[in-house]
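This is run06.txt. It holds compact mmCIF, C-alpha atoms.
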# COMPACT_ATOMS: atom_id res chain seq x y z
CA MET J 906 21.88 -22.33 64.47
CA ASN J 907 20.64 -19.64 66.79
CA PRO J 908 22.43 -16.29 66.24
CA LEU J 909 22.22 -15.84 70.01
CA PHE J 910 24.83 -18.57 70.23
CA PHE J 911 27.41 -16.40 68.48
CA ILE J 912 26.61 -13.49 70.76
CA PHE J 913 27.20 -15.76 73.78
CA VAL J 914 30.51 -16.95 72.31
CA LEU J 915 31.66 -13.36 71.79
CA VAL J 916 30.57 -12.34 75.31
CA TYR J 917 32.36 -15.42 76.66
CA ILE J 918 35.61 -14.54 74.89
CA TYR J 919 35.39 -10.94 76.02
CA LEU J 920 34.75 -12.09 79.60
CA LEU J 921 37.86 -14.27 79.46
CA THR J 922 39.99 -11.31 78.38
CA VAL J 923 38.57 -9.22 81.24
CA LEU J 924 39.24 -11.96 83.79
CA LYS J 925 42.77 -12.38 82.51
CA ARG J 926 43.50 -8.68 82.67
CA ALA J 927 41.96 -8.50 86.15
CA LYS J 928 44.31 -11.32 87.22
CA LEU J 929 41.55 -13.57 88.52
CA PRO J 930 42.98 -16.97 87.61
CA PHE J 931 40.39 -19.08 89.42
CA ALA J 932 37.44 -17.29 87.78
CA PHE J 933 39.30 -17.51 84.45
CA PHE J 934 39.73 -21.27 84.91
CA CYS J 935 36.12 -21.90 86.03
CA ILE J 936 34.35 -19.71 83.48
CA GLY J 937 36.78 -20.69 80.74
CA SER J 938 36.39 -24.44 81.21
CA VAL J 939 32.63 -24.40 81.87
CA GLY J 940 32.03 -22.09 78.88
CA MET J 941 34.19 -24.18 76.61
CA PHE J 942 32.34 -27.31 77.77
CA VAL J 943 28.90 -25.80 77.05
CA PHE J 944 29.84 -24.33 73.67
CA THR J 945 31.68 -27.45 72.54
CA VAL J 946 28.80 -29.74 73.53
CA VAL J 947 26.31 -27.51 71.69
CA LEU J 948 28.51 -27.34 68.59
CA LEU J 949 29.77 -30.89 68.45
CA GLN J 950 26.75 -32.88 69.63
CA PRO J 951 25.07 -33.12 66.21
CA LEU J 952 28.36 -33.81 64.47
CA VAL J 953 30.11 -36.38 66.63
CA THR J 954 27.35 -38.25 68.47
CA VAL J 955 26.60 -40.77 65.71
CA PRO J 956 30.29 -41.50 64.87
CA MET J 957 31.02 -41.94 68.59
CA GLN J 958 28.04 -44.27 69.05
CA LYS J 959 29.24 -46.38 66.14
CA ALA J 960 32.83 -46.35 67.35
CA VAL J 961 31.88 -47.43 70.89
CA ALA J 962 29.56 -50.15 69.55
CA ALA J 963 32.21 -51.36 67.10
CA VAL J 964 35.05 -51.58 69.65
CA ALA J 965 32.80 -53.07 72.35
CA GLY J 966 31.54 -55.48 69.68
CA LEU J 967 35.08 -56.67 68.94
CA LEU J 968 35.46 -57.74 72.57
CA GLY J 969 32.06 -59.42 72.60
CA GLN J 970 32.60 -61.26 69.37
CA ALA J 971 36.08 -62.36 70.46
CA ILE J 972 34.60 -64.32 73.36
CA GLY J 973 31.26 -64.96 71.69
CA ILE J 974 28.82 -63.46 74.17
CA TYR J 975 27.16 -60.75 72.08
CA GLN J 976 27.00 -59.32 68.59
CA SER J 977 27.51 -55.75 67.53
CA TYR J 978 25.29 -53.99 65.01
CA PHE J 979 27.54 -50.98 65.08
CA GLN J 980 25.88 -49.22 62.11
CA TYR J 981 22.87 -48.79 64.40
CA GLY J 982 24.83 -48.43 67.65
CA ILE J 983 23.29 -51.64 69.00
CA LEU J 984 24.74 -54.57 70.93
CA PHE J 985 22.62 -57.72 70.93
CA ILE J 986 23.09 -60.02 73.91
CA GLN J 987 21.66 -63.48 73.68
CA SER J 988 21.82 -65.42 76.92
CA LYS J 989 20.44 -68.94 77.35
CA THR J 990 16.84 -67.91 77.84
CA GLU J 991 16.59 -64.20 77.08
CA THR J 992 17.78 -61.58 74.67
CA ILE J 993 18.29 -57.87 75.04
CA SER J 994 19.37 -55.13 72.63
CA MET J 995 21.50 -52.43 74.17
CA TYR J 996 21.62 -49.19 72.28
CA ILE J 997 24.47 -46.76 72.62
CA ASP J 998 22.92 -43.32 72.76
CA TYR J 999 24.29 -39.81 73.23
CA GLU J 1000 24.62 -40.15 77.00
CA CYS J 1001 26.50 -43.44 76.83
CA SER J 1002 28.79 -42.62 73.94
CA GLY J 1003 31.24 -40.94 76.35
CA ILE J 1004 31.28 -37.70 74.40
CA ILE J 1005 30.16 -35.54 77.35
CA GLU J 1006 32.88 -36.96 79.61
CA ILE J 1007 35.53 -36.42 76.94
CA VAL J 1008 34.47 -32.81 76.28
CA ALA J 1009 34.39 -32.10 80.04
CA PHE J 1010 37.88 -33.51 80.47
CA LEU J 1011 39.30 -31.56 77.52
CA SER J 1012 37.63 -28.31 78.61
CA LEU J 1013 39.12 -28.56 82.10
CA LEU J 1014 42.51 -29.59 80.76
CA TRP J 1015 42.83 -26.71 78.29
CA PHE J 1016 42.18 -24.13 81.00
CA PHE J 1017 44.23 -25.90 83.64
CA PRO J 1018 47.18 -23.61 84.35
CA VAL J 1019 49.97 -26.16 84.49
CA TYR J 1020 50.80 -27.83 81.22
CA SER J 1021 52.44 -26.37 78.15
CA THR J 1022 50.57 -26.49 74.82
CA ALA J 1023 52.50 -29.57 73.69
CA GLU J 1024 51.75 -31.31 77.00
CA LYS J 1025 48.08 -30.39 76.67
CA ILE J 1026 47.88 -31.89 73.18
CA PHE J 1027 49.58 -35.08 74.35
CA THR J 1028 47.41 -35.31 77.50
CA SER J 1029 44.27 -34.66 75.43
CA ILE J 1030 45.05 -37.64 73.20
CA ILE J 1031 45.82 -39.89 76.17
CA GLY J 1032 42.68 -38.68 78.00
CA PHE J 1033 40.46 -39.23 74.97
CA ILE J 1034 41.73 -42.78 74.52
CA THR J 1035 41.46 -43.57 78.24
CA ILE J 1036 37.86 -42.31 78.57
CA PHE J 1037 36.83 -44.04 75.34
CA LEU J 1038 38.32 -47.37 76.42
CA SER J 1039 36.90 -47.03 79.95
CA ASN J 1040 33.47 -46.58 78.42
CA VAL J 1041 33.99 -49.64 76.21
CA LEU J 1042 35.06 -51.59 79.31
CA ARG J 1043 31.92 -50.43 81.15
CA ILE J 1044 29.68 -51.63 78.33
CA PHE J 1045 31.58 -54.91 78.06
CA VAL J 1046 31.13 -55.54 81.81
CA ILE J 1047 27.38 -54.79 81.56
CA CYS J 1048 27.02 -57.22 78.64
CA LEU J 1049 29.04 -59.87 80.46
CA ILE J 1050 26.80 -59.67 83.54
CA ILE J 1051 23.60 -59.77 81.45
CA PHE J 1052 24.92 -62.75 79.50
CA PHE J 1053 25.61 -64.77 82.65
CA PHE J 1054 22.80 -63.56 84.93
CA GLY J 1055 20.03 -62.62 82.50
CA ASN J 1056 18.02 -59.45 81.92
CA ASP J 1057 17.05 -59.22 85.60
CA ALA J 1058 20.64 -58.27 86.36
CA PHE J 1059 20.49 -55.32 83.97
CA PHE J 1060 19.71 -52.74 86.63
CA ILE J 1061 22.60 -53.77 88.89
CA ALA J 1062 24.96 -54.23 85.95
CA HIS J 1063 24.14 -50.86 84.42
CA THR J 1064 23.45 -48.63 87.42
CA ILE J 1065 26.01 -49.91 89.87
CA ILE J 1066 28.75 -52.14 88.47
CA GLY J 1067 29.11 -50.57 85.01
CA ARG J 1068 29.24 -47.04 86.36
CA PHE J 1069 31.65 -48.07 89.13
CA VAL J 1070 34.07 -49.47 86.53
CA PHE J 1071 33.82 -46.35 84.36
CA TYR J 1072 34.05 -43.89 87.24
CA PHE J 1073 37.00 -45.74 88.76
CA CYS J 1074 39.00 -45.63 85.50
CA SER J 1075 38.09 -41.99 84.87
CA ILE J 1076 38.94 -40.89 88.41
CA ILE J 1077 42.38 -42.48 88.07
CA LEU J 1078 42.86 -40.40 84.91
CA TYR J 1079 41.68 -37.22 86.66
CA PHE J 1080 44.00 -37.90 89.59
CA PHE J 1081 47.03 -38.41 87.36
CA VAL J 1082 46.27 -35.38 85.17
CA PHE J 1083 44.91 -32.80 87.59
CA THR J 1084 45.99 -33.65 91.12
CA ARG J 1085 48.99 -35.96 91.38
CA PRO J 1086 51.55 -33.76 89.55
CA GLN J 1087 50.67 -30.93 91.89
CA VAL J 1088 50.96 -33.11 95.00
CA ILE J 1089 54.36 -34.37 93.84
CA LYS J 1090 55.62 -30.85 93.14
CA GLN J 1091 54.50 -29.65 96.59
CA LYS J 1092 57.26 -28.42 98.84
CA VAL J 1093 56.86 -27.88 102.55
CA GLY J 1094 59.98 -26.09 103.75
CA ARG J 1095 62.86 -28.22 102.53
CA PHE J 1096 60.72 -31.30 102.23
CA SER J 1097 59.38 -32.38 98.84
CA TYR J 1098 57.60 -35.46 97.44
CA GLU J 1099 59.43 -35.00 94.16
CA ASN J 1100 62.25 -37.49 93.36
CA LYS J 1101 65.58 -35.83 92.72
CA MET P 1455 52.64 -18.48 74.44
CA SER P 1456 51.19 -15.17 75.61
CA ILE P 1457 47.60 -14.79 76.72
CA LYS P 1458 46.74 -12.60 73.73
CA ILE P 1459 47.85 -15.30 71.32
CA LYS P 1460 45.95 -17.93 73.32
CA ILE P 1461 42.72 -15.90 73.23
CA LEU P 1462 43.26 -15.21 69.56
CA LEU P 1463 43.67 -18.95 68.99
CA ILE P 1464 40.50 -19.81 70.96
CA THR P 1465 38.57 -17.16 69.00
CA LEU P 1466 39.93 -18.53 65.76
CA ILE P 1467 39.06 -22.14 66.68
CA CYS P 1468 35.53 -21.15 67.81
CA SER P 1469 34.94 -19.16 64.62
CA ILE P 1470 36.27 -21.88 62.31
CA THR P 1471 34.26 -24.58 64.11
CA SER P 1472 31.11 -22.47 64.03
CA PHE P 1473 31.40 -21.70 60.33
CA CYS P 1474 32.26 -25.33 59.53
CA PHE P 1475 29.22 -26.43 61.49
CA LEU P 1476 26.98 -23.90 59.79
CA SER P 1477 28.11 -24.99 56.36
CA ILE P 1478 27.82 -28.69 57.13
CA ALA P 1479 24.66 -28.65 59.28
CA PRO P 1480 22.08 -28.41 56.48
CA ARG P 1481 23.63 -31.45 54.83
CA ILE P 1482 23.41 -33.62 57.94
CA SER P 1483 20.67 -36.11 57.30
CA ALA P 1484 18.35 -36.93 60.15
CA ALA P 1485 16.84 -39.81 58.19
CA ASN P 1486 15.48 -42.52 60.41
CA VAL P 1487 16.63 -46.10 60.11
CA VAL P 1488 13.06 -47.36 60.42
CA THR P 1489 10.01 -45.94 58.68
CA ILE P 1490 6.47 -47.08 59.28
CA ASP P 1491 5.38 -47.67 55.73
CA GLY P 1492 4.19 -51.27 55.46
CA TYR P 1493 7.56 -52.53 54.17
CA ASP P 1494 9.80 -54.33 56.59
CA ASP P 1495 13.10 -54.38 54.70
CA ASP P 1496 14.33 -51.57 56.98
CA TRP P 1497 14.17 -54.08 59.88
CA ASP P 1498 16.49 -56.55 58.12
CA ASN P 1499 19.67 -55.48 59.88
CA ILE P 1500 18.20 -54.74 63.30
CA PRO P 1501 18.65 -57.60 65.77
CA LYS P 1502 15.57 -59.70 66.41
CA THR P 1503 14.49 -61.89 69.27
CA PHE P 1504 13.28 -65.36 68.42
CA ILE P 1505 9.90 -66.07 69.98
CA GLY P 1506 9.18 -69.77 70.13
CA ASN P 1507 5.92 -71.46 70.99
CA SER P 1508 5.34 -73.89 73.81
CA ASN P 1509 6.21 -76.90 71.60
CA ASN P 1510 9.46 -75.25 70.55
CA ASP P 1511 8.33 -75.66 66.97
CA LYS P 1512 10.49 -73.35 64.88
CA LEU P 1513 8.05 -73.42 61.97
CA ALA P 1514 5.40 -71.84 64.13
CA SER P 1515 7.49 -69.12 65.63
CA TYR P 1516 7.91 -65.38 65.45
CA TYR P 1517 10.47 -62.62 65.62
CA GLY P 1518 10.23 -59.47 67.65
CA SER P 1519 12.34 -56.37 67.68
CA LEU P 1520 12.53 -52.98 69.35
CA TYR P 1521 14.54 -50.00 68.26
CA VAL P 1522 14.87 -46.50 69.70
CA GLU P 1523 15.79 -43.51 67.57
CA ASN P 1524 15.28 -39.76 67.87
CA GLY P 1525 12.83 -40.03 70.75
CA VAL P 1526 10.68 -42.68 69.09
CA LEU P 1527 10.28 -46.32 70.08
CA TYR P 1528 9.83 -48.61 67.07
CA GLY P 1529 8.38 -52.09 67.49
CA TYR P 1530 8.21 -55.02 65.11
CA TYR P 1531 6.68 -58.49 65.15
CA SER P 1532 6.96 -60.91 62.27
CA THR P 1533 6.13 -64.52 61.47
CA ASN P 1534 9.01 -66.88 60.88
CA ASN P 1535 7.15 -68.30 57.90
CA LYS P 1536 3.60 -68.63 56.70
CA THR P 1537 2.40 -71.43 58.91
CA LYS P 1538 -0.26 -69.44 60.67
CA GLN P 1539 -1.46 -65.95 61.19
CA MET P 1540 0.05 -63.71 63.75
CA PRO P 1541 -2.37 -62.57 66.45
CA VAL P 1542 -1.41 -59.07 67.55
CA ASP P 1543 -4.49 -57.65 69.18
CA HIS P 1544 -2.81 -56.64 72.41
CA ILE P 1545 0.70 -56.23 73.72
CA THR P 1546 2.35 -55.43 77.03
CA LEU P 1547 4.92 -52.68 77.07
CA LYS P 1548 7.23 -52.20 80.03
CA VAL P 1549 9.02 -48.85 80.35
CA ASN P 1550 11.64 -48.96 83.12
CA ASN P 1551 9.42 -50.57 85.77
CA ARG P 1552 6.08 -49.26 84.56
CA THR P 1553 3.83 -51.70 82.70
CA LEU P 1554 1.22 -50.67 80.13
CA GLN P 1555 -1.36 -52.91 78.52
CA LEU P 1556 -1.83 -51.73 74.94
CA ASN P 1557 -4.53 -52.68 72.48
CA ILE P 1558 -4.01 -52.76 68.74
CA LEU P 1559 -6.95 -51.98 66.53
CA SER P 1560 -7.44 -51.03 62.93
CA GLU P 1561 -7.95 -47.35 62.26
CA ASP P 1562 -11.74 -47.57 62.21
CA ASN P 1563 -11.51 -48.72 65.84
CA THR P 1564 -13.79 -51.71 65.44
CA THR P 1565 -12.24 -54.44 63.35
CA TYR P 1566 -8.93 -56.10 62.88
CA TYR P 1567 -8.10 -56.99 59.28
CA PRO P 1568 -5.99 -60.08 58.78
CA ASP P 1569 -5.31 -59.55 55.07
CA GLY P 1570 -3.19 -57.03 53.26
CA LYS P 1571 -1.90 -53.80 54.66
CA THR P 1572 -3.91 -52.26 57.45
CA ASN P 1573 -3.22 -49.06 59.26
CA ILE P 1574 -3.53 -49.61 62.97
CA ASN P 1575 -3.68 -47.53 66.10
CA ILE P 1576 -2.22 -48.46 69.43
CA TYR P 1577 -4.44 -47.67 72.37
CA TYR P 1578 -3.71 -47.26 76.01
CA LYS P 1579 -7.07 -47.40 77.78
CA LYS P 1580 -10.05 -46.43 75.67
CA ASP P 1581 -9.33 -43.15 73.98
CA ALA P 1582 -5.63 -42.68 74.38
CA ILE P 1583 -4.00 -43.33 71.02
CA LEU P 1584 -0.26 -43.89 71.20
CA ASN P 1585 0.73 -43.19 67.62
CA SER P 1586 0.11 -45.57 64.79
CA GLY P 1587 1.55 -48.42 62.82
CA VAL P 1588 0.94 -50.86 60.01
CA TYR P 1589 -0.10 -54.49 60.05
CA PHE P 1590 0.80 -56.37 56.90
CA SER P 1591 -0.18 -59.83 55.82
CA ASN P 1592 0.26 -61.73 52.57
CA MET P 1593 1.08 -65.27 51.47
CA GLN P 1594 4.73 -64.96 52.44
CA LYS P 1595 4.59 -63.41 55.86
CA ASP P 1596 2.70 -61.40 58.43
CA PHE P 1597 4.30 -58.53 60.19
CA LEU P 1598 3.40 -55.61 62.38
CA GLU P 1599 5.44 -52.46 62.73
CA PHE P 1600 4.61 -49.49 64.88
CA ALA P 1601 6.10 -46.36 66.35
CA ILE P 1602 5.43 -44.75 69.70
CA ASP P 1603 6.58 -41.22 70.48
CA LEU P 1604 8.35 -41.26 73.85
CA ASN P 1605 6.96 -37.83 74.79
CA GLU P 1606 3.47 -39.19 74.16
CA LEU P 1607 4.32 -42.25 76.19
CA SER P 1608 5.58 -40.16 79.09
CA THR P 1609 2.12 -38.63 79.58
CA TYR P 1610 0.84 -42.08 80.52
CA THR P 1611 3.86 -43.52 82.26
CA LYS P 1612 4.71 -40.27 84.11
CA ILE P 1613 8.33 -41.02 83.29
CA PRO P 1614 10.11 -38.18 81.44
CA ALA P 1615 11.19 -39.32 77.98
CA ILE P 1616 14.83 -38.61 78.78
CA GLN P 1617 14.71 -41.00 81.75
CA MET P 1618 13.24 -43.89 79.79
CA SER P 1619 16.13 -46.30 79.59
CA GLU P 1620 14.65 -49.78 79.36
CA PHE P 1621 11.81 -51.00 77.16
CA SER P 1622 10.36 -54.50 76.99
CA LEU P 1623 7.59 -55.77 74.77
CA HIS P 1624 5.53 -58.89 75.20
CA ASN P 1625 2.75 -60.38 73.13
CA PRO P 1626 1.16 -63.18 75.16
CA SER P 1627 -0.51 -64.61 72.04
CA LEU P 1628 2.86 -65.35 70.44
CA GLY P 1629 4.97 -66.80 73.22
CA SER P 1630 6.53 -66.16 76.55
CA GLU P 1631 9.62 -64.27 75.37
CA TRP P 1632 10.02 -60.58 76.00
CA VAL P 1633 11.71 -58.35 73.46
CA SER P 1634 13.94 -55.89 75.30
CA VAL P 1635 16.00 -52.87 74.44
CA ALA P 1636 17.91 -50.74 76.91
CA GLY P 1637 20.11 -47.71 76.96
CA THR P 1638 23.22 -47.52 79.08
CA SER P 1639 23.63 -43.92 80.16
CA SER P 1640 26.75 -43.40 82.22
CA PHE P 1641 25.33 -40.34 84.05
CA PRO P 1642 27.96 -38.22 82.31
CA TYR P 1643 27.22 -35.03 84.23
CA ILE P 1644 28.14 -36.65 87.56
CA LEU P 1645 31.50 -37.69 86.14
CA SER P 1646 32.00 -34.22 84.69
CA ALA P 1647 31.35 -32.76 88.14
CA ILE P 1648 33.92 -35.16 89.65
CA ALA P 1649 36.44 -34.05 87.00
CA PHE P 1650 35.74 -30.44 87.95
CA ILE P 1651 36.37 -31.19 91.65
CA PHE P 1652 39.69 -32.88 90.85
CA SER P 1653 40.83 -30.00 88.65
CA VAL P 1654 39.83 -27.39 91.24
CA THR P 1655 41.80 -29.34 93.86
CA GLY P 1656 44.78 -29.35 91.51
CA PHE P 1657 44.31 -25.65 90.86
CA PHE P 1658 44.48 -24.77 94.56
CA LEU P 1659 47.49 -27.02 95.07
CA ILE P 1660 49.29 -25.00 92.38
CA LYS P 1661 48.18 -21.76 93.96
CA ASN P 1662 49.46 -22.84 97.38
CA LYS P 1663 52.74 -23.84 95.82
CA LYS P 1664 53.16 -20.43 94.19
CA VAL P 1665 52.31 -18.67 97.47
CA ARG P 1666 54.93 -20.74 99.31
CA GLU P 1667 57.54 -20.07 96.64
CA LYS P 1668 56.96 -16.32 97.02

With the file now loaded, output its structure as structure tokens.
Amino acid sequence: MNPLFFIFVLVYIYLLTVLKRAKLPFAFFCIGSVGMFVFTVVLLQPLVTVPMQKAVAAVAGLLGQAIGIYQSYFQYGILFIQSKTETISMYIDYECSGIIEIVAFLSLLWFFPVYSTAEKIFTSIIGFITIFLSNVLRIFVICLIIFFFGNDAFFIAHTIIGRFVFYFCSIILYFFVFTRPQVIKQKVGRFSYENK
Amino acid sequence: MSIKIKILLITLICSITSFCFLSIAPRISAANVVTIDGYDDDWDNIPKTFIGNSNNDKLASYYGSLYVENGVLYGYYSTNNKTKQMPVDHITLKVNNRTLQLNILSEDNTTYYPDGKTNINIYYKKDAILNSGVYFSNMQKDFLEFAIDLNELSTYTKIPAIQMSEFSLHNPSLGSEWVSVAGTSSFPYILSAIAFIFSVTGFFLIKNKKVREK
């Protein structure tokens, strides 16, 4: 581990205290969440990537084996799809394990100035599960398309449909966590969206 | 919870995580699943593609497999049983949409040994060696295993190693089937940016609310 990393962490923490004292909440939120994201990714990547790959492959494999369209070799983070004429191995790597999305969500959440600590813990758990399952759903959809339409459909399945499914589920989560509560609590004069 | 306690907590968490990582890191094994050593038992649990011949004769068929780990593409071809030798003098490798014709030769660059263990080189064009491998043949089976460094491969494909997401391998001497392996990156940084936009929107909604309340 580079000792420079620790210096950056210390500078980061000091910067946060300065921003807090200077009452610059937006800068505190931005630098806090981005810094936490970068440091967490650097720290956790070697530790959690392999377990996440295996977990995603195992859960996605359960779905595939339940309907018999692909097999999971979760020890190696591989899903093996055997259609009528072709086969393809899909490997779950760092970028498709969902770890980056989860860390980004948690970093933003923990610096988001709305929720109490208990609410943040609860929302973190819900967010983690939602992003994880959305990623599993994305992989399942990709495998399903490849199984029925062959390897030629991989590009469309992976680049367009799979990502659309994942982004759609994640954006719903972001909306409910970051934006909707604020819209509901908005008051314009005596008018409010909030139910009383 | 006051800000001082929060910062203290963050500092504490960062320090504990860092020290945990430092103490655990040297023990994390980066051992590869596959090693190119002339033994193919490490391929046992990796999924294989059945490669049939034109008569669909399962006795005269082969298995092929691809595996990606730590920036290296591993390839494997094996006979189903000892009915005939396995010709592996050239293969076609497709990386994303780029196709490379690769030649396999023994290390002395002139002959191809059908018996026993032979170290081989994989060539792209005449002098470009793309790493090495082992061809093995005995009375029970023939197999070929090789490894190609993706950074090395990117010098010929002009595709950065990080962008290589789909690999397919074909040996026309064995059958028509392609052996394929693909990654499924979700473009996580785009989604992280979307999350940031949503949270910033939420942040300004809160700010507006506080301004109105004042």

May I have the residues within 9 Å of stretch 1607-1609 of chain P as number ranges by chain, using all atoms listed in the file and disregarding those fewer than 5 positions away in the same chain? P: 1584, 1602, 1614-1615, 1618

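Going from atom CA of J:Ala965 over to atom CA of J:Thr1035, you cover 14.1 Å.
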
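Of the listed residues J:Phe1010, J:Gly982, J:Val961, J:His1063, the one whose atoms come nearest to J:Val1041 is J:Val961, with distances taken using only C-alpha atoms.
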
Residues of chain P within 8 Å of chain J, counting only C-alpha atoms, as a ChimeraX atom specification: /P:1457,1461,1465,1468,1471-1472,1475-1476,1499-1501,1503,1520,1522,1631-1643,1645-1646,1648-1650,1652-1653,1655-1657,1659-1660,1663

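Taking atom CA of J:Lys1025 as the reference point, atom CA of P:Val1654 is found at 17.0 Å.
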
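Here atom CA of P:Arg1552 stands at a distance of 11.9 Å from atom CA of P:Leu1623.
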
Could you give me the centre and size, in Å to one decimal, of an axis-aligned box around all listed atoms of stretch 935-947 of chain J with 6 Å added on every side, as AutoDock Vina command-line options?
--center_x 31.5 --center_y -24.7 --center_z 78.9 --size_x 22.5 --size_y 22.0 --size_z 26.3

List as a ChimeraX atom specification the residues having at least one atom at most 10 Å from position (8.4, -54.4, 79.2) as given in the file, counting all atoms listed in the file. /P:1545-1555,1620-1624,1632-1635
